[in-house]
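Shown next, in structure tokens, is the structure this report addresses.
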Amino acid sequence: MSLTSRTRSSLIAILAVAAAVRIAWSVYAARAPSGSLHDPNFYLLYGEQIARGRGYVIPYEQGPTAYYPVGYPIVLAVANFCLIHTVGNHPVGAAAAINVVFGVAAVALVFAIGRHLGGDAIGLVAAGITAVYPNLVYHTAVALTETVFNTVLLLLVLVVVSGPWTVGRFERRRLIWVGALLGACVLIRPVAAPLLGALVVAWLIAGFGWRRSLSHAAVVLGVAVLVVSPWIVRNIRVMHAVTLSTNTGDNFCMSRHVGASGTFEFSDNACFEGLADLRRPEFETERDSRNRRLALEFVRDHPVEEVRLWGRRLYHTFKSDWDGVWAVESYGDDPFLSDRAREALRWAGSDYFLATVALAGAGFVIVARRREERDARWALLPLAIIATVVVPVVATFGDTRFHVPALPLIAIGAAVPVVAARERLRRRA
């Protein structure tokens with residue numbers, strides 16, 4: 001169904017606001033990261049190396065690497081390549097430009113998903129919430145995976161919710177698209193793999209049945225494996241390991257020791273000691289293997305403590321929502337904001353997050369009580385939210401950055417009670 005002129009005008013205005021706030025924040029806050037061991041430093045480095053045809057390597061003869069998944073560096077490399085051959089080398093500007101484009105696209109996708117689920121009003125309100133969502137805006141100015149990943153994830157959700165749910169089966173072409181997008185998500189953030197389980201549960205809720213749901217999942221999984229297989233083959237040949245990234249061992253290990261906080265722990269951590277005599281790629285693969293073994297031994301020897309750590313990781317994942325500010329200041333190494341501005345941005349992010357989560361909780365309850373044929377599609381949203389955070393909480397460590405992919409999905413749920421309240425007021429009037 002085509003958009004009405006009023007809906008189209010409203011959507012254009014929302015997208016314009018989304019672009020304006022992201023461009024303004026990027027112009028002000030995007031800067032070369034300080035320090036040497038932060039994620040943005042490495043993403044920018046790898047993106048530039050690939051753009052210059054040097055491959056996925058750490059320069060200065062340190063050798064090939066697979067420590068970070070290749071998806072986001074490839075996106076940065078495309079932007080870098082375009083700038084290098086036009087206006088010059090501007091890796092920070094390339095990252096910010098990519099984030100602005102993907103951030104605005106995410107707002108449009110939120111509208112499309114909300115519209116498919118609940119109509120134009122739901123779509124517009126959800127898009128409006130996402131357009132000015134503080135932490136999503138903060139992330140625009142920093143070279144991290146979240147902004148790009150969010151957009152790919154939302155595109156996957158849109159392809160799924162716009163499918164023919166009422167007939168109890170998806171056409172093969174749609175499943176291929178879902179598999180390709182899932183593969184892209186995994187190349188950016190391997191922790192996205194549980195999304196396949198979310199799809200299966202959603203199809204079962206919709207009445208597809210076990211046989212149909214599992215056959216659909218098999219097609220999606222097969223295509224996703226085809227998408228990621230070139231990277232795995234590269235790692236087999238270059239890194240001599242079957243892996244998506246060699247940081248899994250570090251991620252599993254760092255939050256698994258007696259007295260662990262449940263969040264990122266780097267200093268005085270046995271997971272990052274030893275093996276200094278090895279060179280890449282052996283250094284990465286050996287440490288990855290050793291740390292995975294240490295993590296499994298901790299779970300085996302301290303099962304009660306492991307379960308307690310789940311709660312700590314969950315707390316650290318959702319305790320606040322301003323990590324984008326922390327990232328643009330290079331995690332404390334480049335505090336260019338005034339104390340007053342920093343505190344205001346922190347409160348804005350966390351308060352907005354709490355309000356949106358509260359509204360989304362009410363929204364999902366409202367939808368669950370309805371008996372409409374589209375309710376099964378709504379189930380995909382909370383399932384996808386769970387899928388995006390389950391691996392950090394259960395398997396790795398807690399960090400507020402890990403809940404950022406859930407924010408656009410939460411915004412869609414938050415739109416439900418807002419629209420319901422407006423309709424109630426209209427009826428009373």
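Each chain in the structure tokens gets a letter, A, B, ..., in the order shown, and its residues are numbered from 1; ligands are numbered from 1 in order too.
Excluding His240 (chain A) itself and same-chain residues fewer than 4 positions from it, the residues having an atom within 10 Å of it are Val233, Arg234, Asn235, Ile236, Pro281, Glu282 and Thr285 of chain A, counting only C-alpha atoms.
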Selection above as a file: N, CA, C and O atoms, as a PDB file, in the first residue's frame:
```pdb
ATOM      1  N   VAL A 233      37.605 -19.536   4.863  1.00  0.00           N
ATOM      2  CA  VAL A 233      38.645 -20.142   4.024  1.00  0.00           C
ATOM      3  C   VAL A 233      39.925 -19.324   4.103  1.00  0.00           C
ATOM      4  O   VAL A 233      41.040 -19.874   4.205  1.00  0.00           O
ATOM      5  N   ARG A 234      39.780 -18.009   4.069  1.00  0.00           N
ATOM      6  CA  ARG A 234      40.967 -17.145   4.211  1.00  0.00           C
ATOM      7  C   ARG A 234      41.690 -17.423   5.519  1.00  0.00           C
ATOM      8  O   ARG A 234      42.929 -17.509   5.574  1.00  0.00           O
ATOM      9  N   ASN A 235      40.936 -17.565   6.601  1.00  0.00           N
ATOM     10  CA  ASN A 235      41.567 -17.788   7.900  1.00  0.00           C
ATOM     11  C   ASN A 235      42.215 -19.170   7.983  1.00  0.00           C
ATOM     12  O   ASN A 235      43.231 -19.335   8.653  1.00  0.00           O
ATOM     13  N   ILE A 236      41.624 -20.148   7.305  1.00  0.00           N
ATOM     14  CA  ILE A 236      42.259 -21.468   7.265  1.00  0.00           C
ATOM     15  C   ILE A 236      43.610 -21.385   6.558  1.00  0.00           C
ATOM     16  O   ILE A 236      44.613 -21.956   7.008  1.00  0.00           O
ATOM     17  N   PRO A 281      50.691 -15.378  12.641  1.00  0.00           N
ATOM     18  CA  PRO A 281      49.363 -15.617  13.206  1.00  0.00           C
ATOM     19  C   PRO A 281      49.329 -16.547  14.418  1.00  0.00           C
ATOM     20  O   PRO A 281      48.314 -16.664  15.069  1.00  0.00           O
ATOM     21  N   GLU A 282      50.488 -17.216  14.720  1.00  0.00           N
ATOM     22  CA  GLU A 282      50.475 -18.188  15.814  1.00  0.00           C
ATOM     23  C   GLU A 282      50.117 -17.540  17.148  1.00  0.00           C
ATOM     24  O   GLU A 282      49.450 -18.157  17.992  1.00  0.00           O
ATOM     25  N   THR A 285      46.222 -17.299  17.282  1.00  0.00           N
ATOM     26  CA  THR A 285      45.516 -18.583  17.321  1.00  0.00           C
ATOM     27  C   THR A 285      45.829 -19.357  18.595  1.00  0.00           C
ATOM     28  O   THR A 285      44.949 -20.000  19.168  1.00  0.00           O
TER      29      THR A 285
END
```
Dump as CSV the rows for residues of region 213-272 of chain A within 12 Å of region 290-308 of chain A: closest atom pair and distance in Å with one decimal, only C-alpha atoms counted, ordered by chain and rising residue number.
```
residue,atom,partner,partner_atom,distance
A:Thr246,CA,A:Arg292,CA,10.3
A:Asn247,CA,A:Asn291,CA,9.4
A:Thr248,CA,A:Arg292,CA,7.3
A:Gly249,CA,A:Arg292,CA,4.4
A:Asp250,CA,A:Asn291,CA,5.9
A:Asn251,CA,A:Asn291,CA,8.5
A:Phe252,CA,A:Ala295,CA,5.8
A:Cys253,CA,A:Ala295,CA,4.8
A:Met254,CA,A:Ala295,CA,8.3
A:Ser255,CA,A:Ala295,CA,8.6
A:Arg256,CA,A:Ala295,CA,6.1
A:His257,CA,A:Phe298,CA,6.8
A:Val258,CA,A:Glu305,CA,7.5
A:Gly259,CA,A:Glu305,CA,8.8
A:Ala260,CA,A:Glu305,CA,9.2
A:Ser261,CA,A:Arg308,CA,10.3
A:Gly262,CA,A:Arg308,CA,9.2
A:Asn269,CA,A:Asn291,CA,11.3
A:Ala270,CA,A:Asn291,CA,9.2
A:Cys271,CA,A:Asn291,CA,6.1
A:Phe272,CA,A:Asn291,CA,8.7
```
Report task. Using DSSP on the backbone coordinates, identify the residues of region 14-160 of chain A assigned to helix (DSSP H, G or I); present them as a ChimeraX atom specification. Result -> /A:14-29,39-51,71-84,91-118,120-131,134-141,146-160
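Non-sequential neighbours of Asp321 (chain A) (distance at most 7 Å, separation of 3 or more positions within a chain, only C-alpha atoms) are Asn135, Gly349, Ser350, Phe353 and Thr400 of chain A.
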Query - Residue neighbourhood region 39-46 of chain A, 10 Å, only C-alpha atoms, exclusion window fewer than 5 positions, as a ChimeraX atom specification - result: /A:32-34,51-52,54-59,65,67-70,72-74,76-77,80,91-92,94-95,142-145,327-328,330
So that each row is one residue of region 93-122 of chain A with an atom at most 8 Å from region 146-158 of chain A, can you give its shortest atom pair and the distance in Å to one decimal, using only C-alpha atoms, rows by chain and rising number, as CSV?
```
residue,atom,partner,partner_atom,distance
A:Ile98,CA,A:Val148,CA,7.9
A:Asn99,CA,A:Thr147,CA,5.9
A:Phe102,CA,A:Val148,CA,5.8
A:Gly103,CA,A:Thr147,CA,6.0
A:Ala105,CA,A:Thr151,CA,6.7
A:Ala106,CA,A:Thr151,CA,4.8
A:Leu109,CA,A:Leu154,CA,6.2
A:Val110,CA,A:Leu154,CA,7.0
A:Ala112,CA,A:Leu158,CA,7.1
A:Ile113,CA,A:Leu158,CA,5.4
```
**Report entry** Polymer residues at most 8 Å from Trp203 (chain A), only C-alpha atoms, same-chain spacing of 6 or more positions, as a PyMOL selection string
**Finding:** chain A and resi 209+213+376
**Report entry** Residue contacts of Ala379 (chain A) (9 Å, only C-alpha atoms) excluding same-chain residues fewer than 6 positions away, as an NGL selection string
**Finding:** :A and (201-202 or 205-206 or 364 or 367-368)
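All residues of protein, DNA or RNA that reach within 12 Å of Ile14 (chain A), judged by only C-alpha atoms and not counting those fewer than 3 positions away in the chain, are A:Thr7, A:Arg8, A:Ser9, A:Ser10, A:Leu11, A:Val17, A:Ala18, A:Ala19, A:Ala20, A:Val21, A:Val104, A:Ala105, A:Ala106, A:Val107, A:Ala108, A:Val110, A:Phe111, A:Gly123, A:Leu124, A:Val125, A:Ala126, A:Ala127, A:Gly128, A:Ile129, A:Thr130, A:Ala131, A:Val132.
The residue that comes closest to Asp120 (chain A), out of A:Ser5, A:Asn89, A:Thr388, A:Ser36 and on the basis of only C-alpha atoms, is A:Ser5.
Our summary of the geometry notes that CA of Trp177 (chain A) is positioned 19.3 Å from CA of Ala387 (chain A).
Straight-line separation from CA of Leu309 (chain A) to CA of Asp399 (chain A): 12.9 Å.
Shortest atom-to-atom contact with Leu345 (chain A) among A:Val325, A:Ala193, A:Ile12, A:Leu136: A:Val325, counting only C-alpha atoms.
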